[in-house]
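Chemist: So that you have it, the file is final-v6.pdb, and it contains PDB, C-alpha atoms:
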```pdb
MODEL        1
ATOM      1  CA  MET A   1     125.587  -4.282  50.512
ATOM      2  CA  VAL A   2     125.201  -1.685  47.748
ATOM      3  CA  TRP A   3     124.571  -2.646  44.130
ATOM      4  CA  VAL A   4     125.858   0.046  41.755
ATOM      5  CA  ILE A   5     124.226  -0.310  38.351
ATOM      6  CA  GLY A   6     126.148   1.447  35.597
ATOM      7  CA  SER A   7     129.348   1.144  37.621
ATOM      8  CA  LYS A   8     131.690   1.689  34.662
ATOM      9  CA  GLY A   9     130.226   5.003  33.544
ATOM     10  CA  MET A  10     131.435   8.434  34.664
ATOM     11  CA  LEU A  11     129.063   8.725  37.615
ATOM     12  CA  GLY A  12     129.085   5.052  38.534
ATOM     13  CA  SER A  13     132.871   4.828  38.614
ATOM     14  CA  GLU A  14     133.013   7.825  40.943
ATOM     15  CA  ILE A  15     130.457   6.275  43.284
ATOM     16  CA  VAL A  16     132.425   3.009  43.254
ATOM     17  CA  LYS A  17     135.568   4.942  44.162
ATOM     18  CA  GLN A  18     133.805   6.589  47.102
ATOM     19  CA  LEU A  19     132.420   3.274  48.319
ATOM     20  CA  GLU A  20     135.918   1.773  48.179
ATOM     21  CA  LEU A  21     137.441   4.744  50.031
ATOM     22  CA  ASN A  22     134.824   4.406  52.756
ATOM     23  CA  GLU A  23     135.127   0.606  52.888
ATOM     24  CA  ILE A  24     131.469   0.074  52.056
ATOM     25  CA  SER A  25     130.611  -3.342  50.648
ATOM     26  CA  PHE A  26     129.316  -3.144  47.092
ATOM     27  CA  ILE A  27     128.917  -4.986  43.843
ATOM     28  CA  GLY A  28     128.967  -3.221  40.499
ATOM     29  CA  THR A  29     127.411  -4.103  37.181
ATOM     30  CA  ASP A  30     127.306  -2.418  33.831
ATOM     31  CA  LYS A  31     126.150  -3.717  30.459
ATOM     32  CA  GLU A  32     126.413  -7.360  31.566
ATOM     33  CA  VAL A  33     123.058  -6.928  33.331
ATOM     34  CA  ASP A  34     120.522  -5.448  30.910
ATOM     35  CA  ILE A  35     118.245  -3.133  32.895
ATOM     36  CA  THR A  36     115.605  -3.320  30.163
ATOM     37  CA  LYS A  37     115.113  -7.012  30.992
ATOM     38  CA  GLN A  38     113.387  -7.582  34.312
ATOM     39  CA  THR A  39     114.465 -11.209  34.422
ATOM     40  CA  GLU A  40     118.162 -10.270  34.235
ATOM     41  CA  LEU A  41     117.842  -7.840  37.139
ATOM     42  CA  ASP A  42     115.853 -10.289  39.254
ATOM     43  CA  SER A  43     118.256 -13.131  38.484
ATOM     44  CA  PHE A  44     121.309 -11.060  39.426
ATOM     45  CA  ALA A  45     119.684  -9.958  42.666
ATOM     46  CA  ALA A  46     118.738 -13.545  43.528
ATOM     47  CA  LYS A  47     122.337 -14.691  42.965
ATOM     48  CA  ASN A  48     123.695 -11.891  45.184
ATOM     49  CA  PRO A  49     121.813 -11.949  48.495
ATOM     50  CA  GLY A  50     122.338  -9.150  50.966
ATOM     51  CA  ILE A  51     121.773  -6.213  48.627
ATOM     52  CA  ASN A  52     119.983  -3.553  50.648
ATOM     53  CA  TRP A  53     120.700  -0.496  48.479
ATOM     54  CA  ILE A  54     120.637  -0.127  44.695
ATOM     55  CA  VAL A  55     122.225   2.962  43.149
ATOM     56  CA  ASN A  56     121.165   3.381  39.532
ATOM     57  CA  CYS A  57     123.741   5.234  37.465
ATOM     58  CA  ALA A  58     122.719   3.608  34.172
ATOM     59  CA  ALA A  59     121.269   5.959  31.596
ATOM     60  CA  TYR A  60     121.146   6.956  27.975
ATOM     61  CA  THR A  61     123.059  10.219  28.230
ATOM     62  CA  ASP A  62     123.772  11.355  24.661
ATOM     63  CA  VAL A  63     121.261  14.204  24.500
ATOM     64  CA  GLU A  64     121.606  14.840  20.773
ATOM     65  CA  LYS A  65     121.255  11.180  19.797
ATOM     66  CA  ALA A  66     118.317  10.795  22.186
ATOM     67  CA  GLU A  67     116.343  13.092  19.907
ATOM     68  CA  THR A  68     116.602  10.536  17.098
ATOM     69  CA  GLU A  69     116.851   7.359  19.203
ATOM     70  CA  ILE A  70     113.791   8.173  21.281
ATOM     71  CA  GLU A  71     112.679   4.574  21.789
ATOM     72  CA  LEU A  72     116.087   3.444  23.081
ATOM     73  CA  ALA A  73     116.438   6.484  25.363
ATOM     74  CA  GLU A  74     112.985   5.862  26.859
ATOM     75  CA  LYS A  75     113.698   2.143  27.198
ATOM     76  CA  LEU A  76     116.845   2.804  29.251
ATOM     77  CA  ASN A  77     115.883   5.944  31.158
ATOM     78  CA  ALA A  78     112.250   5.177  31.933
ATOM     79  CA  ALA A  79     111.498   1.465  31.586
ATOM     80  CA  GLY A  80     114.945   0.438  32.850
ATOM     81  CA  ALA A  81     114.626   2.580  35.957
ATOM     82  CA  GLY A  82     111.165   1.131  36.547
ATOM     83  CA  ASN A  83     112.529  -2.394  36.251
ATOM     84  CA  ILE A  84     115.239  -1.615  38.803
ATOM     85  CA  ALA A  85     112.581  -0.250  41.167
ATOM     86  CA  LYS A  86     110.599  -3.494  40.801
ATOM     87  CA  THR A  87     113.703  -5.532  41.636
ATOM     88  CA  ALA A  88     114.456  -3.312  44.631
ATOM     89  CA  ASN A  89     110.921  -3.831  45.878
ATOM     90  CA  MET A  90     111.161  -7.590  45.338
ATOM     91  CA  ILE A  91     114.319  -7.899  47.474
ATOM     92  CA  GLY A  92     113.382  -5.219  50.021
ATOM     93  CA  ALA A  93     116.168  -2.840  48.989
ATOM     94  CA  LYS A  94     116.092   0.934  48.839
ATOM     95  CA  MET A  95     116.866   2.548  45.475
ATOM     96  CA  ILE A  96     118.675   5.736  44.591
ATOM     97  CA  HIS A  97     118.047   6.847  41.011
ATOM     98  CA  ILE A  98     120.259   9.596  39.672
TER      99      ILE A  98
ENDMDL
END
```
Mind converting the file's structure to structure tokens?

Modeler:
Amino acid sequence: MVWVIGSKGMLGSEIVKQLELNEISFIGTDKEVDITKQTELDSFAAKNPGINWIVNCAAYTDVEKAETEIELAEKLNAAGAGNIAKTANMIGAKMIHI
């Protein structure tokens, strides 16, 4: 099964559409699982066994605001991606980070 993180964003919703068209089993999350909190990622993964791929589409994408909200942008784009990688490793899943 594929876990699409950031499934309601522009990229994530397109990936979800392609998974549906190709009848690939997936589960999508968005802001309800905070990628900056390792425990939330690990808990979600534990409650949803069978995840063997994680596609990370979550990101802070407002380039202009990122210049003034540096800490938040780094928290989402760097630490959040690292947390997802840790969860992927914990459950033995492969991760695609876009």

Chemist: Measuring atom to atom with all atoms listed in the file, identify which of A:Ile15, A:Leu41, A:Met90, A:Met1 is nearest to Ile27 (chain A).

Modeler: A:Met1

Chemist: Identify which of the residues A:Gln18, A:Thr36, A:Asn83, A:Asn77 lies closest to Ala59 (chain A), counting all atoms listed in the file when measuring atom-to-atom distances.

Modeler: A:Asn77

Chemist: When you look at Ser25 (chain A) with a cut-off of 8 Å (counting only C-alpha atoms), what residues show up, excluding the ones that are within fewer than 4 positions of it in the same chain? I need them as a list in words.

Modeler: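 So the residues in contact are Met1, Val2, Leu19 and Glu20 of chain A.
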
Chemist: Give me the residues within 8 Å of region 44-47 of chain A as a list in words, counting only C-alpha atoms and dropping any in the same chain fewer than 4 places off.

Modeler: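 Neighbouring residues, sequence-local ones excluded: Val33, Glu40, Ile51, Thr87 and Ile91 of chain A.
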
Chemist: Identify all residues satisfying the PyMOL selection byres ((chain A and resi 93) around 7) in the given file; provide them as an MDAnalysis selection string.

Modeler: chainID A and resid 51:54 88:89 91:92 94:95

Chemist: Would you be able to write out as a ChimeraX atom specification which residues have an atom within 12 Å of (121.3, 12.1, 37.4) in the file's coordinates, counting all atoms listed in the file?

Modeler: /A:6,10-12,55-61,77,81,96-98

Chemist: Can you tell me how far CA of Ser13 (chain A) sits from CA of Gln38 (chain A), in Å to one decimal?

Modeler: 23.5 Å

Chemist: May I ask for the distance between CA of Gly28 (chain A) and CA of Ser7 (chain A), given in Å to one decimal place?

Modeler: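 Atom-to-atom, CA of Gly28 (chain A) and CA of Ser7 (chain A) are spaced 5.2 Å apart.
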
Chemist: Complete the atoms of region 11-22 of chain A to all heavy atoms and put them out as a CSV table (one decimal), in the coordinates of the input.

Modeler:
```csv
chain,number,residue,atom,x,y,z
A,11,LEU,N,129.6,8.6,36.3
A,11,LEU,CA,129.1,8.7,37.6
A,11,LEU,C,129.3,7.5,38.4
A,11,LEU,O,129.7,7.5,39.6
A,11,LEU,CB,127.6,9.1,37.5
A,11,LEU,CG,126.8,9.1,38.8
A,11,LEU,CD1,127.4,10.2,39.7
A,11,LEU,CD2,125.3,9.3,38.6
A,12,GLY,N,129.0,6.3,37.8
A,12,GLY,CA,129.1,5.1,38.5
A,12,GLY,C,130.5,4.8,39.0
A,12,GLY,O,130.7,4.3,40.2
A,13,SER,N,131.5,5.1,38.2
A,13,SER,CA,132.9,4.8,38.6
A,13,SER,C,133.3,5.7,39.8
A,13,SER,O,134.1,5.3,40.6
A,13,SER,CB,133.8,5.0,37.4
A,13,SER,OG,133.8,6.2,36.9
A,14,GLU,N,132.7,6.9,39.8
A,14,GLU,CA,133.0,7.8,40.9
A,14,GLU,C,132.3,7.3,42.2
A,14,GLU,O,132.9,7.4,43.3
A,14,GLU,CB,132.6,9.2,40.6
A,14,GLU,CG,132.9,10.2,41.7
A,14,GLU,CD,134.4,10.4,42.0
A,14,GLU,OE1,135.2,10.3,41.1
A,14,GLU,OE2,134.7,10.6,43.2
A,15,ILE,N,131.1,6.8,42.1
A,15,ILE,CA,130.5,6.3,43.3
A,15,ILE,C,131.2,5.0,43.8
A,15,ILE,O,131.4,4.9,45.0
A,15,ILE,CB,129.0,6.0,43.0
A,15,ILE,CG1,128.2,7.3,42.8
A,15,ILE,CG2,128.3,5.1,44.0
A,15,ILE,CD1,126.8,7.2,42.4
A,16,VAL,N,131.6,4.2,42.9
A,16,VAL,CA,132.4,3.0,43.3
A,16,VAL,C,133.7,3.4,44.0
A,16,VAL,O,134.0,2.9,45.0
A,16,VAL,CB,132.8,2.2,42.0
A,16,VAL,CG1,133.9,1.2,42.3
A,16,VAL,CG2,131.5,1.4,41.5
A,17,LYS,N,134.3,4.5,43.5
A,17,LYS,CA,135.6,4.9,44.2
A,17,LYS,C,135.3,5.4,45.6
A,17,LYS,O,136.0,5.1,46.5
A,17,LYS,CB,136.2,6.1,43.3
A,17,LYS,CG,137.5,6.6,43.9
A,17,LYS,CD,138.3,7.5,43.0
A,17,LYS,CE,137.6,8.7,42.6
A,17,LYS,NZ,138.4,9.7,41.9
A,18,GLN,N,134.2,6.1,45.8
A,18,GLN,CA,133.8,6.6,47.1
A,18,GLN,C,133.4,5.4,48.0
A,18,GLN,O,133.8,5.5,49.2
A,18,GLN,CB,132.7,7.6,47.0
A,18,GLN,CG,133.0,8.9,46.3
A,18,GLN,CD,134.2,9.6,47.0
A,18,GLN,OE1,134.3,9.7,48.2
A,18,GLN,NE2,135.2,10.0,46.2
A,19,LEU,N,132.7,4.4,47.5
A,19,LEU,CA,132.4,3.3,48.3
A,19,LEU,C,133.7,2.6,48.8
A,19,LEU,O,133.8,2.2,49.9
A,19,LEU,CB,131.5,2.3,47.5
A,19,LEU,CG,130.1,2.8,47.3
A,19,LEU,CD1,129.4,1.9,46.3
A,19,LEU,CD2,129.3,3.0,48.5
A,20,GLU,N,134.6,2.4,47.8
A,20,GLU,CA,135.9,1.8,48.2
A,20,GLU,C,136.7,2.6,49.2
A,20,GLU,O,137.2,2.0,50.2
A,20,GLU,CB,136.8,1.6,46.9
A,20,GLU,CG,136.3,0.6,46.0
A,20,GLU,CD,137.0,0.6,44.6
A,20,GLU,OE1,137.7,1.6,44.3
A,20,GLU,OE2,137.0,-0.5,44.0
A,21,LEU,N,136.7,3.9,49.1
A,21,LEU,CA,137.4,4.7,50.0
A,21,LEU,C,136.8,4.7,51.4
A,21,LEU,O,137.5,4.8,52.4
A,21,LEU,CB,137.4,6.2,49.6
A,21,LEU,CG,138.4,6.6,48.4
A,21,LEU,CD1,138.1,8.0,47.9
A,21,LEU,CD2,139.8,6.4,48.9
A,22,ASN,N,135.5,4.5,51.5
A,22,ASN,CA,134.8,4.4,52.8
A,22,ASN,C,134.6,3.0,53.2
A,22,ASN,O,133.8,2.8,54.2
A,22,ASN,CB,133.5,5.2,52.7
A,22,ASN,CG,133.8,6.7,52.6
A,22,ASN,OD1,134.1,7.3,53.6
A,22,ASN,ND2,133.6,7.2,51.4
```
